[in-house]
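Here is coords39.pdb, consisting of PDB, C-alpha atoms, pLDDT in the B column:
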ATOM      1  CA  MET J 223       0.000   0.000   0.000  1.00 52.00           C
ATOM      2  CA  LYS J 224       2.784   2.363   0.968  1.00 52.00           C
ATOM      3  CA  LEU J 225       4.602   1.567  -2.264  1.00 49.00           C
ATOM      4  CA  ARG J 226       1.463   2.347  -4.273  1.00 53.00           C
ATOM      5  CA  ILE J 227       1.063   5.696  -2.513  1.00 50.00           C
ATOM      6  CA  LEU J 228       4.712   6.548  -3.122  1.00 47.00           C
ATOM      7  CA  LEU J 229       4.400   5.659  -6.809  1.00 46.00           C
ATOM      8  CA  LEU J 230       1.256   7.758  -7.188  1.00 49.00           C
ATOM      9  CA  ALA J 231       2.979  10.678  -5.477  1.00 50.00           C
ATOM     10  CA  PHE J 232       6.002  10.277  -7.749  1.00 49.00           C
ATOM     11  CA  PHE J 233       3.965  10.253 -10.941  1.00 48.00           C
ATOM     12  CA  ALA J 234       1.837  13.168  -9.772  1.00 48.00           C
ATOM     13  CA  SER J 235       4.998  15.149  -9.045  1.00 51.00           C
ATOM     14  CA  PHE J 236       6.431  14.182 -12.439  1.00 44.00           C
ATOM     15  CA  ALA J 237       3.245  15.293 -14.209  1.00 43.00           C
ATOM     16  CA  LEU J 238       3.286  18.632 -12.405  1.00 46.00           C
ATOM     17  CA  SER J 239       6.949  19.166 -13.307  1.00 46.00           C
ATOM     18  CA  ALA J 240       6.296  18.336 -16.956  1.00 44.00           C
ATOM     19  CA  ASN J 241       3.340  20.708 -17.038  1.00 47.00           C
ATOM     20  CA  ALA J 242       5.444  23.456 -15.427  1.00 47.00           C
ATOM     21  CA  ALA J 243       8.157  22.938 -18.055  1.00 48.00           C
ATOM     22  CA  GLN J 244       5.571  23.239 -20.822  1.00 53.00           C
ATOM     23  CA  LYS J 245       4.469  26.573 -19.380  1.00 92.00           C
ATOM     24  CA  GLU J 246       7.947  28.100 -19.351  1.00 98.00           C
ATOM     25  CA  ILE J 247       8.862  30.607 -22.070  1.00 98.00           C
ATOM     26  CA  VAL J 248      12.570  31.235 -22.713  1.00 98.00           C
ATOM     27  CA  VAL J 249      13.403  34.426 -24.601  1.00 98.00           C
ATOM     28  CA  GLY J 250      16.872  35.601 -25.615  1.00 98.00           C
ATOM     29  CA  ALA J 251      17.570  39.329 -25.470  1.00 98.00           C
ATOM     30  CA  THR J 252      20.297  41.920 -25.234  1.00 96.00           C
ATOM     31  CA  PRO J 253      20.326  43.598 -21.793  1.00 95.00           C
ATOM     32  CA  VAL J 254      19.082  47.149 -22.497  1.00 94.00           C
ATOM     33  CA  PRO J 255      16.290  47.827 -23.238  1.00 96.00           C
ATOM     34  CA  HIS J 256      15.091  44.410 -24.420  1.00 98.00           C
ATOM     35  CA  ALA J 257      15.714  42.374 -21.267  1.00 98.00           C
ATOM     36  CA  GLU J 258      14.369  45.244 -19.157  1.00 98.00           C
ATOM     37  CA  ILE J 259      11.118  45.268 -21.131  1.00 98.00           C
ATOM     38  CA  LEU J 260      10.844  41.481 -20.905  1.00 98.00           C
ATOM     39  CA  ASN J 261      11.422  41.527 -17.149  1.00 98.00           C
ATOM     40  CA  PHE J 262       8.642  44.116 -16.872  1.00 98.00           C
ATOM     41  CA  ILE J 263       6.109  41.745 -18.479  1.00 98.00           C
ATOM     42  CA  LYS J 264       6.920  38.763 -16.242  1.00 98.00           C
ATOM     43  CA  PRO J 265       3.989  39.430 -13.859  1.00 98.00           C
ATOM     44  CA  MET J 266       1.637  39.839 -16.848  1.00 98.00           C
ATOM     45  CA  LEU J 267       2.658  36.452 -18.228  1.00 98.00           C
ATOM     46  CA  GLU J 268       2.393  34.824 -14.809  1.00 98.00           C
ATOM     47  CA  LYS J 269      -1.289  35.805 -14.768  1.00 96.00           C
ATOM     48  CA  GLU J 270      -1.636  33.932 -18.072  1.00 96.00           C
ATOM     49  CA  GLY J 271       0.022  30.847 -16.561  1.00 97.00           C
ATOM     50  CA  TYR J 272       3.528  31.302 -18.005  1.00 98.00           C
ATOM     51  CA  LYS J 273       6.916  31.608 -16.354  1.00 98.00           C
ATOM     52  CA  LEU J 274       9.166  33.882 -18.434  1.00 98.00           C
ATOM     53  CA  ASN J 275      12.877  33.052 -18.415  1.00 98.00           C
ATOM     54  CA  VAL J 276      14.932  35.902 -19.919  1.00 98.00           C
ATOM     55  CA  LYS J 277      18.309  34.742 -21.226  1.00 98.00           C
ATOM     56  CA  GLU J 278      20.670  37.652 -21.836  1.00 98.00           C
ATOM     57  CA  PHE J 279      23.124  37.777 -24.744  1.00 97.00           C
ATOM     58  CA  ASN J 280      25.773  40.382 -25.515  1.00 93.00           C
ATOM     59  CA  ASP J 281      25.979  39.811 -29.245  1.00 93.00           C
ATOM     60  CA  TYR J 282      23.644  39.672 -32.258  1.00 94.00           C
ATOM     61  CA  ILE J 283      24.480  36.149 -33.463  1.00 97.00           C
ATOM     62  CA  GLN J 284      23.956  33.652 -30.632  1.00 98.00           C
ATOM     63  CA  PRO J 285      20.321  34.541 -29.842  1.00 98.00           C
ATOM     64  CA  ASN J 286      19.317  33.838 -33.456  1.00 98.00           C
ATOM     65  CA  LEU J 287      21.211  30.552 -33.538  1.00 98.00           C
ATOM     66  CA  ALA J 288      19.662  29.528 -30.199  1.00 98.00           C
ATOM     67  CA  THR J 289      16.164  30.332 -31.481  1.00 98.00           C
ATOM     68  CA  ASP J 290      16.710  28.419 -34.701  1.00 98.00           C
ATOM     69  CA  SER J 291      18.036  25.365 -32.833  1.00 98.00           C
ATOM     70  CA  GLY J 292      15.103  25.369 -30.409  1.00 98.00           C
ATOM     71  CA  GLU J 293      17.289  26.093 -27.386  1.00 98.00           C
ATOM     72  CA  ILE J 294      15.094  29.145 -26.696  1.00 98.00           C
ATOM     73  CA  ASP J 295      11.515  29.918 -27.732  1.00 98.00           C
ATOM     74  CA  ALA J 296      12.014  33.415 -29.115  1.00 98.00           C
ATOM     75  CA  ASN J 297      14.354  36.383 -29.200  1.00 98.00           C
ATOM     76  CA  PHE J 298      13.974  40.125 -28.930  1.00 98.00           C
ATOM     77  CA  PHE J 299      16.923  42.286 -29.990  1.00 97.00           C
ATOM     78  CA  GLN J 300      16.935  42.950 -33.759  1.00 96.00           C
ATOM     79  CA  HIS J 301      15.198  44.723 -36.623  1.00 94.00           C
ATOM     80  CA  ILE J 302      13.822  43.281 -39.870  1.00 94.00           C
ATOM     81  CA  PRO J 303      16.765  44.174 -42.185  1.00 93.00           C
ATOM     82  CA  TYR J 304      19.169  42.413 -39.801  1.00 94.00           C
ATOM     83  CA  LEU J 305      16.896  39.353 -39.543  1.00 97.00           C
ATOM     84  CA  ASP J 306      16.530  39.109 -43.324  1.00 96.00           C
ATOM     85  CA  GLU J 307      20.288  39.319 -43.849  1.00 94.00           C
ATOM     86  CA  PHE J 308      20.937  36.768 -41.088  1.00 97.00           C
ATOM     87  CA  ASN J 309      18.494  34.243 -42.555  1.00 98.00           C
ATOM     88  CA  LYS J 310      20.065  34.722 -45.977  1.00 96.00           C
ATOM     89  CA  ASN J 311      23.635  34.233 -44.771  1.00 96.00           C
ATOM     90  CA  LYS J 312      23.118  31.572 -42.083  1.00 97.00           C
ATOM     91  CA  GLY J 313      20.310  29.528 -43.617  1.00 98.00           C
ATOM     92  CA  THR J 314      18.164  29.965 -40.502  1.00 98.00           C
ATOM     93  CA  LYS J 315      14.366  29.872 -40.624  1.00 98.00           C
ATOM     94  CA  LEU J 316      13.395  32.701 -38.308  1.00 98.00           C
ATOM     95  CA  VAL J 317      10.347  34.942 -38.658  1.00 98.00           C
ATOM     96  CA  ASN J 318       9.193  38.305 -37.384  1.00 98.00           C
ATOM     97  CA  VAL J 319       5.963  38.054 -35.393  1.00 98.00           C
ATOM     98  CA  ALA J 320       5.598  41.533 -33.841  1.00 97.00           C
ATOM     99  CA  GLY J 321       7.075  45.029 -33.945  1.00 96.00           C
ATOM    100  CA  ILE J 322       7.729  46.390 -30.448  1.00 97.00           C
ATOM    101  CA  HIS J 323       9.887  49.511 -30.431  1.00 97.00           C
ATOM    102  CA  LEU J 324      12.384  51.683 -32.275  1.00 94.00           C
ATOM    103  CA  GLU J 325      15.811  52.544 -30.883  1.00 91.00           C
ATOM    104  CA  PRO J 326      17.068  55.562 -32.822  1.00 91.00           C
ATOM    105  CA  MET J 327      20.731  55.062 -33.680  1.00 96.00           C
ATOM    106  CA  GLY J 328      22.920  57.966 -32.597  1.00 97.00           C
ATOM    107  CA  VAL J 329      26.276  59.578 -33.335  1.00 98.00           C
ATOM    108  CA  TYR J 330      28.405  60.160 -30.210  1.00 98.00           C
ATOM    109  CA  SER J 331      31.696  61.882 -29.469  1.00 98.00           C
ATOM    110  CA  LYS J 332      33.888  62.720 -26.497  1.00 97.00           C
ATOM    111  CA  LYS J 333      35.792  65.300 -28.540  1.00 96.00           C
ATOM    112  CA  TYR J 334      33.113  67.271 -30.380  1.00 96.00           C
ATOM    113  CA  LYS J 335      29.689  68.670 -29.565  1.00 95.00           C
ATOM    114  CA  SER J 336      28.456  68.624 -33.147  1.00 95.00           C
ATOM    115  CA  LEU J 337      29.115  66.850 -36.431  1.00 94.00           C
ATOM    116  CA  ASN J 338      29.560  70.342 -37.873  1.00 92.00           C
ATOM    117  CA  ASP J 339      32.855  70.509 -35.933  1.00 93.00           C
ATOM    118  CA  ILE J 340      34.288  67.434 -37.636  1.00 96.00           C
ATOM    119  CA  LYS J 341      37.887  67.849 -38.797  1.00 96.00           C
ATOM    120  CA  ASN J 342      39.531  66.741 -42.025  1.00 98.00           C
ATOM    121  CA  GLY J 343      40.673  63.116 -41.713  1.00 98.00           C
ATOM    122  CA  ALA J 344      38.486  62.376 -38.677  1.00 98.00           C
ATOM    123  CA  THR J 345      37.731  58.757 -37.775  1.00 98.00           C
ATOM    124  CA  ILE J 346      34.169  57.496 -37.350  1.00 98.00           C
ATOM    125  CA  ALA J 347      33.511  54.069 -35.812  1.00 98.00           C
ATOM    126  CA  VAL J 348      30.530  52.126 -37.165  1.00 98.00           C
ATOM    127  CA  PRO J 349      29.034  48.655 -36.507  1.00 98.00           C
ATOM    128  CA  ASN J 350      30.622  45.882 -38.573  1.00 96.00           C
ATOM    129  CA  ASP J 351      27.491  43.814 -39.238  1.00 93.00           C
ATOM    130  CA  PRO J 352      26.075  44.561 -42.719  1.00 93.00           C
ATOM    131  CA  THR J 353      22.665  46.026 -41.900  1.00 92.00           C
ATOM    132  CA  ASN J 354      23.699  48.175 -38.945  1.00 94.00           C
ATOM    133  CA  GLU J 355      26.780  49.422 -40.808  1.00 97.00           C
ATOM    134  CA  SER J 356      24.617  50.481 -43.731  1.00 96.00           C
ATOM    135  CA  ARG J 357      22.172  52.109 -41.324  1.00 96.00           C
ATOM    136  CA  ALA J 358      25.008  54.014 -39.630  1.00 97.00           C
ATOM    137  CA  LEU J 359      26.412  55.160 -42.961  1.00 97.00           C
ATOM    138  CA  ASP J 360      22.945  56.393 -43.958  1.00 95.00           C
ATOM    139  CA  ILE J 361      23.093  58.762 -40.987  1.00 96.00           C
ATOM    140  CA  ILE J 362      26.517  60.065 -42.036  1.00 97.00           C
ATOM    141  CA  GLU J 363      25.330  60.492 -45.625  1.00 96.00           C
ATOM    142  CA  ASN J 364      22.183  62.330 -44.505  1.00 93.00           C
ATOM    143  CA  ALA J 365      24.462  64.715 -42.597  1.00 95.00           C
ATOM    144  CA  LYS J 366      26.001  65.617 -46.015  1.00 96.00           C
ATOM    145  CA  LEU J 367      29.483  64.422 -45.008  1.00 97.00           C
ATOM    146  CA  VAL J 368      29.876  61.680 -47.628  1.00 98.00           C
ATOM    147  CA  SER J 369      27.914  60.253 -50.527  1.00 97.00           C
ATOM    148  CA  PHE J 370      27.644  56.684 -51.808  1.00 97.00           C
ATOM    149  CA  LYS J 371      27.043  54.934 -55.067  1.00 94.00           C
ATOM    150  CA  LYS J 372      23.653  53.300 -55.240  1.00 88.00           C
ATOM    151  CA  SER J 373      23.821  49.823 -53.724  1.00 79.00           C
ATOM    152  CA  GLY J 374      21.895  47.519 -51.402  1.00 86.00           C
ATOM    153  CA  LEU J 375      23.800  47.665 -48.120  1.00 92.00           C
ATOM    154  CA  LYS J 376      26.352  50.466 -47.873  1.00 95.00           C
ATOM    155  CA  THR J 377      29.988  49.952 -46.847  1.00 96.00           C
ATOM    156  CA  PRO J 378      32.884  52.430 -46.825  1.00 97.00           C
ATOM    157  CA  ILE J 379      34.128  51.035 -50.164  1.00 96.00           C
ATOM    158  CA  ASP J 380      30.916  52.385 -51.752  1.00 96.00           C
ATOM    159  CA  ILE J 381      31.848  56.006 -50.972  1.00 97.00           C
ATOM    160  CA  VAL J 382      32.042  58.209 -54.069  1.00 97.00           C
ATOM    161  CA  GLU J 383      32.439  61.632 -52.417  1.00 98.00           C
ATOM    162  CA  ASN J 384      34.393  62.218 -49.201  1.00 98.00           C
ATOM    163  CA  PRO J 385      35.502  65.884 -49.149  1.00 98.00           C
ATOM    164  CA  LYS J 386      36.796  65.708 -45.559  1.00 97.00           C
ATOM    165  CA  ASN J 387      38.696  62.465 -46.171  1.00 98.00           C
ATOM    166  CA  LEU J 388      36.860  60.773 -43.315  1.00 98.00           C
ATOM    167  CA  LYS J 389      38.052  57.358 -42.154  1.00 98.00           C
ATOM    168  CA  PHE J 390      35.679  54.620 -41.012  1.00 98.00           C
ATOM    169  CA  LYS J 391      36.560  52.046 -38.366  1.00 98.00           C
ATOM    170  CA  GLU J 392      34.392  48.906 -38.400  1.00 98.00           C
ATOM    171  CA  LEU J 393      33.851  47.347 -34.958  1.00 98.00           C
ATOM    172  CA  LYS J 394      31.468  44.932 -33.273  1.00 96.00           C
ATOM    173  CA  ALA J 395      28.391  46.861 -32.171  1.00 95.00           C
ATOM    174  CA  ALA J 396      28.996  46.089 -28.485  1.00 94.00           C
ATOM    175  CA  GLN J 397      32.516  47.591 -28.669  1.00 97.00           C
ATOM    176  CA  LEU J 398      31.439  50.965 -30.041  1.00 98.00           C
ATOM    177  CA  PRO J 399      30.851  52.767 -26.709  1.00 98.00           C
ATOM    178  CA  ARG J 400      34.371  51.778 -25.571  1.00 97.00           C
ATOM    179  CA  SER J 401      35.825  53.106 -28.821  1.00 98.00           C
ATOM    180  CA  LEU J 402      34.876  56.719 -28.020  1.00 98.00           C
ATOM    181  CA  ASP J 403      38.255  57.353 -26.387  1.00 97.00           C
ATOM    182  CA  ASP J 404      40.057  56.352 -29.582  1.00 98.00           C
ATOM    183  CA  VAL J 405      37.921  57.785 -32.398  1.00 98.00           C
ATOM    184  CA  ASP J 406      36.395  61.151 -33.199  1.00 98.00           C
ATOM    185  CA  PHE J 407      32.835  59.879 -33.520  1.00 98.00           C
ATOM    186  CA  ALA J 408      31.023  56.560 -33.137  1.00 98.00           C
ATOM    187  CA  VAL J 409      27.606  55.587 -34.480  1.00 98.00           C
ATOM    188  CA  ILE J 410      26.041  53.434 -31.761  1.00 97.00           C
ATOM    189  CA  ASN J 411      22.863  51.394 -31.490  1.00 93.00           C
ATOM    190  CA  SER J 412      20.726  52.726 -28.654  1.00 91.00           C
ATOM    191  CA  ASN J 413      20.685  49.444 -26.717  1.00 90.00           C
ATOM    192  CA  TYR J 414      24.484  49.558 -26.394  1.00 93.00           C
ATOM    193  CA  ALA J 415      24.459  53.303 -25.759  1.00 94.00           C
ATOM    194  CA  LEU J 416      21.982  52.874 -22.900  1.00 92.00           C
ATOM    195  CA  ASP J 417      24.003  49.961 -21.517  1.00 91.00           C
ATOM    196  CA  ALA J 418      27.053  52.280 -21.456  1.00 94.00           C
ATOM    197  CA  LYS J 419      25.052  54.943 -19.558  1.00 93.00           C
ATOM    198  CA  LEU J 420      24.748  57.179 -22.619  1.00 95.00           C
ATOM    199  CA  ASN J 421      21.402  58.926 -23.030  1.00 91.00           C
ATOM    200  CA  PRO J 422      20.613  59.063 -26.766  1.00 92.00           C
ATOM    201  CA  THR J 423      18.362  62.122 -26.484  1.00 90.00           C
ATOM    202  CA  LYS J 424      20.937  64.052 -24.425  1.00 93.00           C
ATOM    203  CA  ASP J 425      24.377  62.694 -25.320  1.00 96.00           C
ATOM    204  CA  ALA J 426      24.130  62.015 -29.058  1.00 97.00           C
ATOM    205  CA  VAL J 427      25.404  64.797 -31.307  1.00 97.00           C
ATOM    206  CA  LEU J 428      22.995  63.505 -33.959  1.00 96.00           C
ATOM    207  CA  LEU J 429      20.057  61.121 -33.624  1.00 93.00           C
ATOM    208  CA  GLU J 430      18.460  59.039 -36.348  1.00 90.00           C
ATOM    209  CA  SER J 431      15.082  60.206 -37.635  1.00 79.00           C
ATOM    210  CA  LYS J 432      11.989  58.758 -35.937  1.00 74.00           C
ATOM    211  CA  SER J 433      10.765  57.683 -39.378  1.00 75.00           C
ATOM    212  CA  SER J 434      13.472  54.998 -39.464  1.00 81.00           C
ATOM    213  CA  PRO J 435      12.321  51.558 -40.709  1.00 84.00           C
ATOM    214  CA  TYR J 436      14.460  49.739 -38.137  1.00 92.00           C
ATOM    215  CA  VAL J 437      11.762  48.693 -35.653  1.00 95.00           C
ATOM    216  CA  ASN J 438      12.890  46.067 -33.130  1.00 96.00           C
ATOM    217  CA  ILE J 439      10.893  42.863 -33.387  1.00 97.00           C
ATOM    218  CA  LEU J 440       9.976  39.654 -31.584  1.00 98.00           C
ATOM    219  CA  VAL J 441      11.363  36.669 -33.515  1.00 98.00           C
ATOM    220  CA  VAL J 442      10.524  32.952 -33.407  1.00 98.00           C
ATOM    221  CA  LYS J 443      11.448  29.911 -35.476  1.00 98.00           C
ATOM    222  CA  LYS J 444       9.228  29.347 -38.492  1.00 98.00           C
ATOM    223  CA  GLY J 445       6.314  27.148 -37.492  1.00 98.00           C
ATOM    224  CA  ASN J 446       5.978  28.713 -34.035  1.00 98.00           C
ATOM    225  CA  GLU J 447       4.245  31.903 -35.159  1.00 98.00           C
ATOM    226  CA  ASN J 448       0.849  30.853 -33.814  1.00 97.00           C
ATOM    227  CA  SER J 449       1.882  28.900 -30.728  1.00 98.00           C
ATOM    228  CA  ASP J 450       0.279  29.772 -27.405  1.00 97.00           C
ATOM    229  CA  ARG J 451       3.663  30.932 -26.088  1.00 97.00           C
ATOM    230  CA  THR J 452       4.135  33.301 -29.021  1.00 98.00           C
ATOM    231  CA  LYS J 453       0.607  34.696 -28.715  1.00 98.00           C
ATOM    232  CA  ALA J 454       1.105  35.303 -24.992  1.00 98.00           C
ATOM    233  CA  LEU J 455       4.386  37.121 -25.612  1.00 98.00           C
ATOM    234  CA  ILE J 456       2.899  39.347 -28.314  1.00 98.00           C
ATOM    235  CA  LYS J 457      -0.110  40.211 -26.174  1.00 98.00           C
ATOM    236  CA  ALA J 458       2.106  41.257 -23.263  1.00 98.00           C
ATOM    237  CA  LEU J 459       4.744  43.095 -25.302  1.00 98.00           C
ATOM    238  CA  GLN J 460       2.167  45.099 -27.248  1.00 98.00           C
ATOM    239  CA  SER J 461       0.112  46.032 -24.200  1.00 98.00           C
ATOM    240  CA  LYS J 462      -0.690  49.575 -23.102  1.00 98.00           C
ATOM    241  CA  GLU J 463       1.309  48.873 -19.930  1.00 98.00           C
ATOM    242  CA  VAL J 464       4.469  48.237 -21.964  1.00 98.00           C
ATOM    243  CA  LYS J 465       3.875  51.341 -24.068  1.00 98.00           C
ATOM    244  CA  LYS J 466       3.706  53.470 -20.932  1.00 98.00           C
ATOM    245  CA  PHE J 467       6.742  51.707 -19.410  1.00 98.00           C
ATOM    246  CA  ILE J 468       8.826  52.489 -22.529  1.00 97.00           C
ATOM    247  CA  GLN J 469       7.686  56.107 -22.654  1.00 96.00           C
ATOM    248  CA  ASP J 470       8.270  56.727 -18.941  1.00 96.00           C
ATOM    249  CA  LYS J 471      11.581  54.881 -18.581  1.00 95.00           C
ATOM    250  CA  TYR J 472      13.422  55.808 -21.779  1.00 94.00           C
ATOM    251  CA  LYS J 473      11.971  59.261 -22.447  1.00 90.00           C
ATOM    252  CA  GLY J 474      12.364  59.197 -26.215  1.00 88.00           C
ATOM    253  CA  ALA J 475      15.540  57.108 -26.386  1.00 90.00           C
ATOM    254  CA  VAL J 476      13.289  54.115 -27.093  1.00 94.00           C
ATOM    255  CA  ILE J 477       9.971  54.648 -28.911  1.00 92.00           C
ATOM    256  CA  PRO J 478       6.963  52.293 -28.907  1.00 95.00           C
ATOM    257  CA  ALA J 479       6.171  51.002 -32.398  1.00 93.00           C
ATOM    258  CA  PHE J 480       2.666  49.585 -31.845  1.00 94.00           C
TER     259      PHE J 480
END

Now that the file is in, can you turn its structure into structure tokens?
Amino acid sequence: MKLRILLLAFFASFALSANAAQKEIVVGATPVPHAEILNFIKPMLEKEGYKLNVKEFNDYIQPNLATDSGEIDANFFQHIPYLDEFNKNKGTKLVNVAGIHLEPMGVYSKKYKSLNDIKNGATIAVPNDPTNESRALDIIENAKLVSFKKSGLKTPIDIVENPKNLKFKELKAAQLPRSLDDVDFAVINSNYALDAKLNPTKDAVLLESKSSPYVNILVVKKGNENSDRTKALIKALQSKEVKKFIQDKYKGAVIPAF
């Protein structure tokens, strides 16, 4: 009798554990602001019966690979042009399921207060991944400092006019804030700027237009677009509570896109 009771207790415990595991959602994200936003929605998801596990990454490659392999359920760190280029180059099958916010890319400097002060031969650091580099170079071109031949994704070798003989230093996006001591200007994604205690609306000498197409998105592996986990994440991330949280916390450095 005792053995039967113990076995029933064991299997009941096993069933509860399995059910709990099924209710867990694991999302990969870069720390600021993505992980902060995800941590904010944890109580909302708990009310829906889900435990949200936020796994932080400090690069733009591993969270996509982990999502594609099924190690994590979703990721939240990138925009559509980056996702499209990643799928093309890596053969991954990842899809955009929701637009959440825009992080205006900014130009920063420890030496100058304006891009108008830029000297002949100055060095500008830019991200080295294709889509963010092209995005950064768009900002420099829109400031009338250089011009490019028409192409898909811009790189420094596409420059056709460079009257100030500007030099471009290509670095990993996460390294750009640390490069400010060594370069004249750096074009930095807002998530890394915020992580380095830089306020885009106050510290950037130039900020990307709010009409930018680079909205940050929630991404899942193809086939998981309509799963209950994905629907729960979208509902929470696109809630009025998240919109207010973004507006109050980031004060224009991060902009809701829903």

On this structure, which residues satisfy the PyMOL selection byres ((chain J and resi 350) around 9), written as a PyMOL selection string? chain J and resi 348-349+351-355+391-395

Compare J:Pro265, J:Gly271, J:Gly292, J:Pro378 by their minimum atom-to-atom distance to Val248 in chain J, counting all atoms listed in the file, and give me the closest one. J:Gly292

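Checking J:Ile247, J:Ile361, J:Ala296, J:Leu324 one by one against Ile468 in chain J, counting only C-alpha atoms, you find the shortest gap at J:Leu324.
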
Taking the file above as input, evaluate the PyMOL selection byres ((chain J and resi 401-415) around 8) and report the hits as a ChimeraX atom specification. /J:252-256,325-334,340,344-349,358,395-400,416-422,475-476

Using Å and a single decimal, report how far CA of Asn309 in chain J sits from CA of Lys443 in chain J. 10.9 Å

Give as an MDAnalysis selection string the residues that the PyMOL selection byres ((chain J and resi 453) around 12) matches when applied to the coordinates above. chainID J and resid 247 267 270 272 295:296 319:320 440:442 446:452 454:460

Return the single residue from J:Pro478, J:Gly321, J:Gly250, J:Gly343 that is closest to Asp281 in chain J, with distances computed using only C-alpha atoms.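 With only C-alpha atoms as the atom set, the closest residue is J:Gly250.
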
Which value, in Å to one decimal, gives the distance between CA of Tyr472 in chain J and CA of His323 in chain J? 11.3 Å
